[in-house]
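J.: Pasting in a structure now, in structure tokens, and then I'll have a few things to ask.
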Amino acid sequence: FHAFDLYEESGIDVLGRPYGERHARLVALLGQDLPGVRVVETQVGDAALAAARYREWVPHGRAEGIVVRSDRGLTYKVKPTFTVDLLVVAYGERLVDGTRQVRELQVGLFRDDGTVQLVGSVGTGLSDADRVRWHARLSAMETKSSFRLANREGTLCRFVPPAIVVEVRVSDLLASDGWDVPIRRMALAFDSAKGWSAVAELRTAVLLHPTLLRERTDKTATIADCGMTQITSYLDDAGVEAVPTVSRASAEIVRRAVFTKVTKGETAVRKVFVVRTHKDREG
């Protein structure tokens with residue numbers, strides 16, 4: 001266990017104190033020869049020292065990054081970025097001054113069984129002109145999907161055939177949430193006649209701070225060029241989860257209703273569905 005900060009002691013919040021004081025208290029509490037416990041290595045210096053320690057520790061695998069704390073109380077995580085080649089599955093759109101633009105691209109990776117694992121969305125790295133061009137291109141490719149996916153505008157994404165590969169820069173991949181619960185996202189199957197359909201929610205790693213760099217026209221939409229092997233090392237010893245072979249019960253719509261409310265001459269509409277999934281034993 002490597003302690004890097006002190007949050008509270010004897011019921012008192014100490015985060016408001018200077019980090020130098022908190023670090024000194026950490027050393028006093030854990031600096032003894034406790035089995036398996038130590039205070040993370042910390043040095044005081046300027047930006048040049050931080051850069052030197054980064055070059056010494058990170059590229060050689062000693063650490064995945066460094067934490068830099070300024071004398072103004074700001075904290076920075078400095079980590080190397082890397083890129084992943086991803087398949088464009090769908091897009092969200094927005095309306096800006098009457099012009100339709102791409103809000104973000106929903107992206108995924110091919111699993112070994114040919115299904116596509118959703119791993120997140122990317123909207124950073126696009127100029128307004130890029131967003132217009134992407135919308136014109138993708139809207140002309142739109143295909144069917146029985147799986148529904150909401151975008152950041154609160155509307156449904158529009159799906160496209162698996163044909164475009166993009167390179168995305170990320171700061172990290174996350175395989176579990178804040179409670180250390182494995183992250184699961186939907187895996188999809190594509191049929192040229194029926195479009196996209198849901199297969200199962202499977203364990204995966206998702207993108208952290210993604211930025212679109214470019215389209216990889218030299219890559220093809222295949223397992224070899226945009227497969228799950230790019231992220232399997234982030235899934236620990238569990239590896240890639242297999243698609244369940246057991247049959248799944250169909251969901252049942254218990255109630256469907258529409259309510260309206262008129263306020264100042266404008267009608268607001270709320271649609272309500274009550275659904276019994278019959279999948280309560282699947283977790």
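Ordered as shown in the structure tokens, chains take letters A, B, and onward, while each chain numbers its residues from 1 and ligands are numbered from 1 in the order shown.
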Give me the residues within 10 Å of A:Pro244 as a ChimeraX atom specification, counting only C-alpha atoms and dropping any in the same chain fewer than 5 places off.

T.: /A:199-202

J.: Could you dump the residues just selected with N, CA, C and O atoms as a PDB file, in the first residue's frame?

T.:
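out.pdb was written with the following content:
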ATOM      1  N   VAL A 199     -26.148  -7.840 -28.523  1.00  0.00           N
ATOM      2  CA  VAL A 199     -25.765  -9.217 -28.198  1.00  0.00           C
ATOM      3  C   VAL A 199     -25.804  -9.441 -26.690  1.00  0.00           C
ATOM      4  O   VAL A 199     -26.547 -10.262 -26.186  1.00  0.00           O
ATOM      5  N   ALA A 200     -24.990  -8.668 -25.957  1.00  0.00           N
ATOM      6  CA  ALA A 200     -24.946  -8.767 -24.493  1.00  0.00           C
ATOM      7  C   ALA A 200     -24.053  -7.666 -23.968  1.00  0.00           C
ATOM      8  O   ALA A 200     -23.172  -7.160 -24.676  1.00  0.00           O
ATOM      9  N   GLU A 201     -24.270  -7.269 -22.713  1.00  0.00           N
ATOM     10  CA  GLU A 201     -23.356  -6.340 -22.058  1.00  0.00           C
ATOM     11  C   GLU A 201     -22.174  -7.143 -21.527  1.00  0.00           C
ATOM     12  O   GLU A 201     -22.341  -8.041 -20.706  1.00  0.00           O
ATOM     13  N   LEU A 202     -20.990  -6.800 -22.002  1.00  0.00           N
ATOM     14  CA  LEU A 202     -19.794  -7.559 -21.662  1.00  0.00           C
ATOM     15  C   LEU A 202     -18.740  -6.655 -21.055  1.00  0.00           C
ATOM     16  O   LEU A 202     -18.747  -5.440 -21.257  1.00  0.00           O
TER      17      LEU A 202
END

J.: So which residues touch stretch 80-88 of chain A within 6 Å, counting only C-alpha atoms, skipping near sequence neighbours fewer than 6 positions away, as a VMD selection string?

T.: chain A and resid 107 to 109 164 to 171 226

J.: Could those selected residues go to a file with N, CA, C and O atoms, as a CSV table (one decimal), in the first residue's frame?

T.:
chain,number,residue,atom,x,y,z
A,107,VAL,N,-17.8,4.7,-30.9
A,107,VAL,CA,-16.7,3.9,-31.4
A,107,VAL,C,-16.7,2.6,-30.7
A,107,VAL,O,-17.1,2.4,-29.6
A,108,GLY,N,-16.1,1.6,-31.4
A,108,GLY,CA,-16.0,0.2,-30.8
A,108,GLY,C,-14.8,-0.5,-31.4
A,108,GLY,O,-14.1,0.0,-32.2
A,109,LEU,N,-14.7,-1.7,-30.9
A,109,LEU,CA,-13.6,-2.6,-31.4
A,109,LEU,C,-14.2,-4.0,-31.7
A,109,LEU,O,-15.1,-4.5,-31.1
A,164,ILE,N,-15.6,2.5,-41.3
A,164,ILE,CA,-14.7,3.6,-41.1
A,164,ILE,C,-13.8,3.4,-39.9
A,164,ILE,O,-14.4,3.1,-38.8
A,165,VAL,N,-12.5,3.5,-40.0
A,165,VAL,CA,-11.6,3.3,-38.9
A,165,VAL,C,-11.0,4.7,-38.6
A,165,VAL,O,-10.5,5.4,-39.5
A,166,VAL,N,-10.9,5.1,-37.3
A,166,VAL,CA,-10.3,6.3,-36.9
A,166,VAL,C,-9.3,6.1,-35.8
A,166,VAL,O,-9.4,5.1,-35.0
A,167,GLU,N,-8.3,7.0,-35.8
A,167,GLU,CA,-7.3,6.9,-34.7
A,167,GLU,C,-7.6,7.9,-33.6
A,167,GLU,O,-7.8,9.1,-33.9
A,168,VAL,N,-7.7,7.4,-32.4
A,168,VAL,CA,-8.1,8.2,-31.2
A,168,VAL,C,-7.0,8.2,-30.2
A,168,VAL,O,-6.5,7.1,-29.8
A,169,ARG,N,-6.6,9.4,-29.7
A,169,ARG,CA,-5.6,9.5,-28.6
A,169,ARG,C,-6.3,9.5,-27.3
A,169,ARG,O,-7.3,10.2,-27.1
A,170,VAL,N,-5.9,8.7,-26.3
A,170,VAL,CA,-6.5,8.6,-25.0
A,170,VAL,C,-5.4,8.8,-23.9
A,170,VAL,O,-4.2,8.4,-24.2
A,171,SER,N,-5.8,9.3,-22.8
A,171,SER,CA,-4.8,9.4,-21.7
A,171,SER,C,-4.8,8.1,-20.9
A,171,SER,O,-3.8,7.8,-20.3
A,226,CYS,N,-8.6,-3.3,-36.1
A,226,CYS,CA,-9.2,-2.6,-35.0
A,226,CYS,C,-9.9,-3.6,-34.1
A,226,CYS,O,-11.1,-3.6,-33.9

J.: Just the number, please: distance in Å from atom CA of A:Arg62 to atom CA of A:Leu26, one decimal.

T.: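 Straight-line distance from atom CA of A:Arg62 to atom CA of A:Leu26 works out to 22.5 Å.
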
J.: Assign secondary structure with DSSP using the backbone only, and return the residues of stretch 137-276 of chain A in helix (DSSP H, G or I) as a PyMOL selection string.

T.: chain A and resi 137-139+228-230+232-238

J.: Using only N, CA and C atoms, please write the residues we just selected to a file, as a PDB file, in the first residue's frame.

T.:
ATOM      1  N   ARG A 137     -21.242  13.075 -44.521  1.00  0.00           N
ATOM      2  CA  ARG A 137     -20.777  11.751 -44.931  1.00  0.00           C
ATOM      3  C   ARG A 137     -21.528  10.627 -44.222  1.00  0.00           C
ATOM      4  N   LEU A 138     -21.661  10.735 -42.893  1.00  0.00           N
ATOM      5  CA  LEU A 138     -22.261   9.655 -42.118  1.00  0.00           C
ATOM      6  C   LEU A 138     -23.773   9.571 -42.315  1.00  0.00           C
ATOM      7  N   SER A 139     -24.429  10.725 -42.455  1.00  0.00           N
ATOM      8  CA  SER A 139     -25.881  10.710 -42.640  1.00  0.00           C
ATOM      9  C   SER A 139     -26.267   9.989 -43.931  1.00  0.00           C
ATOM     10  N   MET A 228      -9.929  -6.123 -30.364  1.00  0.00           N
ATOM     11  CA  MET A 228      -9.872  -5.961 -28.911  1.00  0.00           C
ATOM     12  C   MET A 228      -8.472  -6.155 -28.332  1.00  0.00           C
ATOM     13  N   THR A 229      -7.560  -6.739 -29.121  1.00  0.00           N
ATOM     14  CA  THR A 229      -6.207  -6.963 -28.605  1.00  0.00           C
ATOM     15  C   THR A 229      -5.516  -5.662 -28.226  1.00  0.00           C
ATOM     16  N   GLN A 230      -6.018  -4.534 -28.737  1.00  0.00           N
ATOM     17  CA  GLN A 230      -5.411  -3.244 -28.394  1.00  0.00           C
ATOM     18  C   GLN A 230      -5.658  -2.865 -26.938  1.00  0.00           C
ATOM     19  N   THR A 232      -6.812  -5.460 -24.400  1.00  0.00           N
ATOM     20  CA  THR A 232      -6.978  -6.608 -23.503  1.00  0.00           C
ATOM     21  C   THR A 232      -6.031  -6.564 -22.309  1.00  0.00           C
ATOM     22  N   SER A 233      -4.897  -5.908 -22.439  1.00  0.00           N
ATOM     23  CA  SER A 233      -3.974  -5.836 -21.305  1.00  0.00           C
ATOM     24  C   SER A 233      -4.563  -5.039 -20.142  1.00  0.00           C
ATOM     25  N   TYR A 234      -5.598  -4.221 -20.408  1.00  0.00           N
ATOM     26  CA  TYR A 234      -6.231  -3.437 -19.350  1.00  0.00           C
ATOM     27  C   TYR A 234      -7.315  -4.228 -18.616  1.00  0.00           C
ATOM     28  N   LEU A 235      -7.602  -5.437 -19.078  1.00  0.00           N
ATOM     29  CA  LEU A 235      -8.658  -6.231 -18.464  1.00  0.00           C
ATOM     30  C   LEU A 235      -8.119  -7.225 -17.449  1.00  0.00           C
ATOM     31  N   ASP A 236      -6.892  -7.024 -16.993  1.00  0.00           N
ATOM     32  CA  ASP A 236      -6.264  -7.856 -15.968  1.00  0.00           C
ATOM     33  C   ASP A 236      -6.236  -9.315 -16.414  1.00  0.00           C
ATOM     34  N   ASP A 237      -6.423 -10.232 -15.460  1.00  0.00           N
ATOM     35  CA  ASP A 237      -6.320 -11.644 -15.780  1.00  0.00           C
ATOM     36  C   ASP A 237      -7.623 -12.214 -16.336  1.00  0.00           C
ATOM     37  N   ALA A 238      -8.671 -11.386 -16.358  1.00  0.00           N
ATOM     38  CA  ALA A 238      -9.957 -11.891 -16.837  1.00  0.00           C
ATOM     39  C   ALA A 238      -9.980 -12.030 -18.348  1.00  0.00           C
TER      40      ALA A 238
END

J.: Need to verify the contact set: stretch 115-126 of chain A, 6 Å, only C-alpha atoms, exclusion of same-chain residues closer than 3 positions in sequence. Can you return it as a list in words?

T.: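 Everything that qualifies: Glu104, Leu105, Gln106, Val107, Gly108, Leu109, Phe110, Arg111, Asp130, Met186, Ala187, Leu188, Ala189, Val206, Leu207, Pro210, Thr211 and Leu212 of chain A.
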
J.: Go ahead and save the picked residues with all heavy atoms, as a tab-separated table (two decimals), in the first residue's frame.

T.:
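This is the output file selection.tsv:
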chain	number	residue	atom	x	y	z
A	104	GLU	N	-20.71	13.75	-31.59
A	104	GLU	CA	-19.63	12.83	-31.22
A	104	GLU	C	-19.77	11.55	-32.03
A	104	GLU	O	-20.85	11.26	-32.58
A	104	GLU	CB	-19.63	12.50	-29.73
A	104	GLU	CG	-20.66	11.48	-29.28
A	104	GLU	CD	-22.01	12.10	-29.00
A	104	GLU	OE1	-22.10	13.33	-28.85
A	104	GLU	OE2	-22.98	11.35	-28.94
A	105	LEU	N	-18.70	10.82	-32.12
A	105	LEU	CA	-18.68	9.52	-32.78
A	105	LEU	C	-18.71	8.44	-31.72
A	105	LEU	O	-17.93	8.48	-30.76
A	105	LEU	CB	-17.43	9.36	-33.64
A	105	LEU	CG	-17.20	10.39	-34.75
A	105	LEU	CD1	-15.85	10.14	-35.42
A	105	LEU	CD2	-18.32	10.35	-35.77
A	106	GLN	N	-19.60	7.48	-31.87
A	106	GLN	CA	-19.61	6.30	-31.01
A	106	GLN	C	-18.70	5.26	-31.65
A	106	GLN	O	-18.85	4.95	-32.83
A	106	GLN	CB	-21.03	5.75	-30.85
A	106	GLN	CG	-22.00	6.72	-30.20
A	106	GLN	CD	-21.76	6.88	-28.72
A	106	GLN	OE1	-21.08	6.06	-28.08
A	106	GLN	NE2	-22.31	7.95	-28.15
A	107	VAL	N	-17.77	4.75	-30.87
A	107	VAL	CA	-16.73	3.89	-31.45
A	107	VAL	C	-16.66	2.55	-30.71
A	107	VAL	O	-17.11	2.42	-29.58
A	107	VAL	CB	-15.36	4.59	-31.40
A	107	VAL	CG1	-15.31	5.75	-32.38
A	107	VAL	CG2	-15.04	5.08	-29.99
A	108	GLY	N	-16.07	1.57	-31.39
A	108	GLY	CA	-15.96	0.25	-30.80
A	108	GLY	C	-14.80	-0.52	-31.38
A	108	GLY	O	-14.06	-0.02	-32.25
A	109	LEU	N	-14.66	-1.75	-30.91
A	109	LEU	CA	-13.59	-2.64	-31.36
A	109	LEU	C	-14.18	-4.00	-31.70
A	109	LEU	O	-15.13	-4.46	-31.07
A	109	LEU	CB	-12.54	-2.81	-30.25
A	109	LEU	CG	-11.67	-1.60	-29.92
A	109	LEU	CD1	-10.91	-1.84	-28.63
A	109	LEU	CD2	-10.70	-1.32	-31.06
A	110	PHE	N	-13.58	-4.65	-32.68
A	110	PHE	CA	-14.02	-5.98	-33.05
A	110	PHE	C	-13.57	-7.00	-32.01
A	110	PHE	O	-12.41	-7.04	-31.60
A	110	PHE	CB	-13.43	-6.38	-34.41
A	110	PHE	CG	-14.24	-5.94	-35.58
A	110	PHE	CD1	-13.75	-4.99	-36.46
A	110	PHE	CD2	-15.50	-6.50	-35.81
A	110	PHE	CE1	-14.49	-4.59	-37.55
A	110	PHE	CE2	-16.25	-6.09	-36.90
A	110	PHE	CZ	-15.75	-5.14	-37.78
A	111	ARG	N	-14.51	-7.83	-31.57
A	111	ARG	CA	-14.18	-8.98	-30.75
A	111	ARG	C	-13.81	-10.13	-31.67
A	111	ARG	O	-14.07	-10.11	-32.88
A	111	ARG	CB	-15.38	-9.35	-29.88
A	111	ARG	CG	-15.78	-8.25	-28.88
A	111	ARG	CD	-17.14	-8.52	-28.27
A	111	ARG	NE	-17.21	-9.85	-27.73
A	111	ARG	CZ	-16.77	-10.20	-26.53
A	111	ARG	NH1	-16.24	-9.28	-25.73
A	111	ARG	NH2	-16.87	-11.44	-26.10
A	130	ASP	N	-15.15	20.29	-39.57
A	130	ASP	CA	-15.04	18.83	-39.53
A	130	ASP	C	-16.39	18.20	-39.18
A	130	ASP	O	-16.80	17.20	-39.77
A	130	ASP	CB	-14.01	18.40	-38.49
A	130	ASP	CG	-12.59	18.77	-38.88
A	130	ASP	OD1	-12.32	18.88	-40.09
A	130	ASP	OD2	-11.76	18.94	-37.96
A	186	MET	N	-22.35	-2.64	-24.07
A	186	MET	CA	-23.02	-3.53	-25.01
A	186	MET	C	-22.11	-3.95	-26.15
A	186	MET	O	-21.35	-3.13	-26.69
A	186	MET	CB	-24.27	-2.85	-25.57
A	186	MET	CG	-25.15	-3.78	-26.38
A	186	MET	SD	-25.81	-5.17	-25.44
A	186	MET	CE	-27.05	-4.31	-24.42
A	187	ALA	N	-22.18	-5.23	-26.49
A	187	ALA	CA	-21.56	-5.74	-27.72
A	187	ALA	C	-22.67	-5.89	-28.76
A	187	ALA	O	-23.79	-6.31	-28.44
A	187	ALA	CB	-20.89	-7.08	-27.46
A	188	LEU	N	-22.36	-5.52	-30.00
A	188	LEU	CA	-23.36	-5.49	-31.07
A	188	LEU	C	-22.97	-6.42	-32.21
A	188	LEU	O	-21.78	-6.66	-32.46
A	188	LEU	CB	-23.50	-4.06	-31.62
A	188	LEU	CG	-23.82	-2.95	-30.62
A	188	LEU	CD1	-23.81	-1.60	-31.33
A	188	LEU	CD2	-25.16	-3.20	-29.95
A	189	ALA	N	-23.99	-6.93	-32.89
A	189	ALA	CA	-23.77	-7.71	-34.10
A	189	ALA	C	-24.34	-6.94	-35.29
A	189	ALA	O	-25.37	-6.26	-35.16
A	189	ALA	CB	-24.46	-9.07	-33.98
A	206	VAL	N	-12.96	1.28	-21.17
A	206	VAL	CA	-13.53	2.41	-21.90
A	206	VAL	C	-12.51	3.54	-21.99
A	206	VAL	O	-11.55	3.60	-21.22
A	206	VAL	CB	-14.83	2.91	-21.22
A	206	VAL	CG1	-15.90	1.83	-21.29
A	206	VAL	CG2	-14.57	3.32	-19.78
A	207	LEU	N	-12.75	4.45	-22.93
A	207	LEU	CA	-11.80	5.52	-23.22
A	207	LEU	C	-11.84	6.62	-22.16
A	207	LEU	O	-12.90	7.01	-21.70
A	207	LEU	CB	-12.12	6.14	-24.59
A	207	LEU	CG	-12.38	5.17	-25.74
A	207	LEU	CD1	-12.74	5.96	-26.99
A	207	LEU	CD2	-11.19	4.26	-25.98
A	210	PRO	N	-10.67	10.97	-24.63
A	210	PRO	CA	-10.35	10.66	-26.02
A	210	PRO	C	-10.32	11.92	-26.90
A	210	PRO	O	-11.10	12.85	-26.71
A	210	PRO	CB	-11.50	9.75	-26.44
A	210	PRO	CG	-12.65	10.20	-25.59
A	210	PRO	CD	-12.05	10.61	-24.27
A	211	THR	N	-9.40	11.93	-27.86
A	211	THR	CA	-9.29	13.00	-28.85
A	211	THR	C	-9.13	12.38	-30.22
A	211	THR	O	-8.24	11.54	-30.43
A	211	THR	CB	-8.09	13.91	-28.55
A	211	THR	OG1	-8.23	14.50	-27.26
A	211	THR	CG2	-7.98	15.02	-29.60
A	212	LEU	N	-9.97	12.78	-31.15
A	212	LEU	CA	-9.89	12.25	-32.51
A	212	LEU	C	-8.69	12.86	-33.23
A	212	LEU	O	-8.56	14.09	-33.30
A	212	LEU	CB	-11.18	12.56	-33.28
A	212	LEU	CG	-11.25	12.04	-34.71
A	212	LEU	CD1	-11.28	10.53	-34.74
A	212	LEU	CD2	-12.47	12.62	-35.43

J.: Excluding stretch 42-59 of chain A and its own-chain neighbours fewer than 5 positions away, which residues fall within 12 Å of it when counting only C-alpha atoms? Please give them as a PyMOL selection string.

T.: chain A and resi 2-5+19-20+23-24+26-27+64-71+76-81

J.: Would you please give, as a ChimeraX atom specification, all residues of stretch 63-204 of chain A that DSSP assigns to strand (DSSP E or B) based on the backbone?

T.: /A:66-69,75-78,82-96,99-110,116-122,145,150,156,158-159,165-170,172-174,176,182,184-191,195-203

J.: Skipping near chain neighbours, those fewer than 2 positions away, what residues fall within 6 Å of stretch 146-161 of chain A using only C-alpha atoms, listed as a list in words?

T.: Val89, Ala90, Tyr91, Gly92, Met141, Glu142, Thr143, Ala163, Ser197 and Ala198 of chain A
